[in-house]
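J.: So I've got this file, entry_30.txt, and it contains compact mmCIF, C-alpha atoms:
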# COMPACT_ATOMS: atom_id res chain seq x y z
CA MET A 5 0.00 0.00 0.00
CA GLY A 6 1.51 3.31 -1.07
CA ILE A 7 0.97 6.82 0.19
CA ASN A 8 -0.30 9.45 -2.22
CA LEU A 9 2.26 12.26 -1.82
CA ASN A 10 0.90 14.33 -4.70
CA PRO A 11 -0.99 16.79 -2.43
CA PHE A 12 2.25 17.58 -0.58
CA THR A 13 5.04 17.36 -3.18
CA TRP A 14 5.51 19.79 -6.04
CA TRP A 15 7.88 17.62 -8.11
CA ASN A 16 5.22 14.96 -8.86
CA GLY A 17 2.69 17.43 -10.23
CA ALA A 18 0.58 20.23 -8.86
CA SER A 19 0.27 20.29 -5.08
CA LEU A 20 -3.03 20.69 -3.27
CA GLY A 21 -2.31 24.38 -2.67
CA THR A 22 -1.77 24.98 -6.38
CA MET A 23 -5.00 23.23 -7.29
CA ILE A 24 -6.92 25.30 -4.73
CA GLY A 25 -5.28 28.46 -6.11
CA LEU A 26 -6.54 27.65 -9.61
CA ILE A 27 -10.19 27.74 -8.52
CA GLY A 28 -11.86 30.47 -10.53
CA LYS A 29 -9.09 30.61 -13.14
CA SER A 30 -9.90 29.74 -16.72
CA ARG A 31 -8.38 26.77 -18.50
CA VAL A 32 -7.16 28.05 -21.86
CA GLY A 33 -5.51 25.05 -23.51
CA GLU A 34 -3.42 21.92 -23.49
CA ASP A 35 -0.26 21.03 -25.40
CA ALA A 36 0.78 17.78 -27.08
CA LEU A 37 2.49 16.55 -23.89
CA GLY A 38 -0.70 16.92 -21.86
CA ASN A 39 0.37 20.03 -19.94
CA VAL A 40 -2.62 22.24 -19.09
CA TYR A 41 -2.48 26.05 -19.22
CA TYR A 42 -4.53 28.48 -17.12
CA GLN A 43 -5.09 32.22 -17.01
CA GLY A 44 -6.77 34.47 -14.48
CA GLY A 45 -6.26 37.49 -12.30
CA ARG A 46 -3.58 40.15 -12.74
CA ASP A 47 0.02 40.47 -11.62
CA THR A 48 1.52 43.64 -10.09
CA ASN A 49 2.14 45.12 -13.56
CA GLY A 50 -1.46 44.57 -14.63
CA ASN A 51 -0.64 41.66 -16.95
CA PRO A 52 -2.83 38.56 -16.84
CA ARG A 53 -1.38 35.77 -14.66
CA ARG A 54 -0.64 32.55 -16.52
CA TRP A 55 0.15 29.03 -15.24
CA VAL A 56 1.14 25.63 -16.52
CA ILE A 57 0.21 22.42 -14.72
CA TYR A 58 2.58 19.72 -15.92
CA ASN A 59 1.43 16.28 -16.96
CA GLY A 60 4.03 14.30 -15.03
CA ALA A 61 7.32 15.62 -13.71
CA ASN A 62 7.64 19.37 -13.18
CA ASP A 63 10.31 20.23 -15.73
CA ALA A 64 10.33 23.58 -17.52
CA SER A 65 11.91 22.00 -20.61
CA ARG A 66 8.64 20.08 -21.11
CA VAL A 67 6.79 23.28 -22.09
CA ALA A 68 6.34 23.51 -25.86
CA PRO A 69 8.02 26.58 -27.41
CA GLU A 70 4.74 28.14 -28.55
CA TRP A 71 3.26 27.82 -25.07
CA PHE A 72 6.49 29.18 -23.55
CA SER A 73 5.99 32.37 -25.53
CA TRP A 74 2.39 32.58 -24.29
CA LEU A 75 3.40 32.01 -20.65
CA HIS A 76 5.99 34.79 -20.86
CA HIS A 77 3.65 37.28 -22.58
CA GLN A 78 5.60 37.26 -25.85
CA VAL A 79 2.29 36.67 -27.65
CA ASP A 80 -1.04 37.98 -26.39
CA ASP A 81 -3.41 35.46 -27.93
CA LEU A 82 -3.32 31.67 -27.64
CA PRO A 83 -0.57 30.00 -29.71
CA ASP A 84 -3.06 28.20 -31.98
CA ARG A 85 -4.53 31.54 -33.10
CA SER A 86 -1.52 33.88 -32.99
CA LEU A 87 1.37 31.80 -34.33
CA PRO A 88 1.83 30.37 -37.82
CA ALA A 89 1.48 26.65 -38.37
CA PRO A 90 4.69 24.65 -37.85
CA ARG A 91 6.81 24.13 -40.96
CA ALA A 92 7.15 20.65 -42.43
CA TRP A 93 10.88 20.56 -41.58
CA GLN A 94 10.44 21.48 -37.92
CA LYS A 95 10.86 18.70 -35.39
CA PRO A 96 8.64 18.50 -32.32
CA ALA A 97 10.11 19.86 -29.10
CA VAL A 98 11.92 17.33 -26.91
CA PRO A 99 12.30 17.79 -23.14
CA ASN A 100 15.74 17.83 -21.53
CA LEU A 101 16.85 14.18 -21.32
CA THR A 102 19.80 14.72 -18.97
CA GLY A 103 19.75 12.14 -16.21
CA THR A 104 17.55 9.70 -18.11
CA ASN A 105 18.39 6.55 -20.06
CA LEU A 106 17.80 8.50 -23.28
CA ALA A 107 20.51 11.11 -22.52
CA TYR A 108 23.35 11.46 -25.03
CA ARG A 109 26.46 9.57 -23.97
CA PRO A 110 29.49 9.95 -26.23
CA PRO A 111 31.91 7.12 -26.92
CA GLY A 112 34.16 6.72 -23.88
CA ALA A 113 31.49 7.73 -21.36
CA LEU A 114 31.51 5.61 -18.22
CA GLU A 115 27.88 4.62 -18.87
CA LYS A 116 28.99 3.10 -22.19
CA GLY A 117 31.88 1.10 -20.74
CA GLY A 118 34.49 3.85 -20.50
CA HIS A 119 36.46 2.75 -23.57
CA ARG A 120 37.24 5.28 -26.26
CA ALA A 121 39.03 5.00 -29.55
CA ALA A 122 42.81 5.09 -29.34
CA ALA A 123 44.65 8.27 -30.28
CA THR A 124 45.54 8.44 -33.98
CA GLY A 125 49.28 9.02 -33.61
CA ASP A 126 49.26 12.76 -34.34
CA TYR A 127 49.05 13.56 -30.63
CA GLU A 128 52.16 14.34 -28.68
CA ALA A 129 51.93 14.93 -24.94
CA TRP A 130 53.22 18.24 -23.63
CA ALA A 131 56.35 18.15 -21.54
CA PRO A 132 57.76 21.15 -19.69
CA ASP A 133 61.33 20.40 -20.85
CA ALA A 134 60.49 20.21 -24.56
Would you kindly transcribe this structure into structure tokens?

T.:
Amino acid sequence: MGINLNPFTWWNGASLGTMIGLIGKSRVGEDALGNVYYQGGRDTNGNPRRWVIYNGANDASRVAPEWFSWLHHQVDDLPDRSLPAPRAWQKPAVPNLTGTNLAYRPPGALEKGGHRAAATGDYEAWAPDA
């Protein structure tokens, strides 16, 4: 039997306090990763307050670029209405994979066995007497 820590921990999703704070705020959209975006109230500069509730781990790199611009008031309207359609050559955004099994590990990395290709012979070590 496990304990549901979601109401008390922010790293597993929105905490209970965040969910209570969103009462009365309007849900404006959702991105391809399942993150939900809200808007409501005003900040100290008079701009509308905007939030993202992550679907899964709270990681800012999981916010799609178009929604990032909306969150930071770079565009006023929702991304679907204010931004052009993605180009055919554009790849979908990928979250930061550092620390996961999908992270890039070059040849010679300890996670790949720690063996790298031998030097090619054009390398000569520096010596202070040379």

J.: Go through A:Arg120, A:Arg54, A:Lys95, A:Arg109 and flag the residue nearest A:Ser30, using all atoms listed in the file for the distances.

T.: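 Smallest separation from A:Ser30 among the options: A:Arg54.
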
J.: Could you please determine the separation between atom CA of A:Trp74 and atom CA of A:Leu101 in Å, to one decimal place?

T.: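 For atom CA of A:Trp74 relative to atom CA of A:Leu101, the distance reads 23.6 Å.
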
J.: Please report the interatomic distance between atom CA of A:Trp55 and atom CA of A:Leu75 in Å with one decimal.

T.: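 Distance reported for this atom pair: 7.0 Å.
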
J.: Report, in Å with one decimal, the straight-line distance from atom CA of A:Met23 to atom CA of A:Arg46.

T.: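 Between atom CA of A:Met23 and atom CA of A:Arg46 the gap works out to 17.8 Å.
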
J.: Tell me which protein, DNA and RNA residues are within 12 Å of A:Ala68, counting all atoms listed in the file, leaving out same-chain ones fewer than 5 positions away, and put them as a ChimeraX atom specification.

T.: /A:34-41,56,58,63,73-75,83,95-100

J.: Please determine, counting all atoms listed in the file, which residue among A:Ala122, A:Lys116, A:Arg53, A:Asp133 has the shortest atom-to-atom distance to A:Asp80.

T.: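 Distance minimum relative to A:Asp80 lands on A:Arg53.
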
J.: Which polymer residues have any atom within 12 Å of an atom of A:Gly25, counting only C-alpha atoms, with same-chain residues fewer than 4 positions away left out, as an mmCIF file with C-alpha atoms, keeping the file's coordinate frame?

T.:
data_model
loop_
_atom_site.group_PDB
_atom_site.id
_atom_site.type_symbol
_atom_site.label_atom_id
_atom_site.label_comp_id
_atom_site.auth_asym_id
_atom_site.auth_seq_id
_atom_site.Cartn_x
_atom_site.Cartn_y
_atom_site.Cartn_z
ATOM 1 C CA ALA A 18 0.580 20.230 -8.860
ATOM 2 C CA SER A 19 0.270 20.290 -5.080
ATOM 3 C CA LEU A 20 -3.030 20.690 -3.270
ATOM 4 C CA GLY A 21 -2.310 24.380 -2.670
ATOM 5 C CA LYS A 29 -9.090 30.610 -13.140
ATOM 6 C CA SER A 30 -9.900 29.740 -16.720
ATOM 7 C CA TYR A 42 -4.530 28.480 -17.120
ATOM 8 C CA GLN A 43 -5.090 32.220 -17.010
ATOM 9 C CA GLY A 44 -6.770 34.470 -14.480
ATOM 10 C CA GLY A 45 -6.260 37.490 -12.300
ATOM 11 C CA ARG A 53 -1.380 35.770 -14.660
ATOM 12 C CA TRP A 55 0.150 29.030 -15.240
ATOM 13 C CA ILE A 57 0.210 22.420 -14.720
#
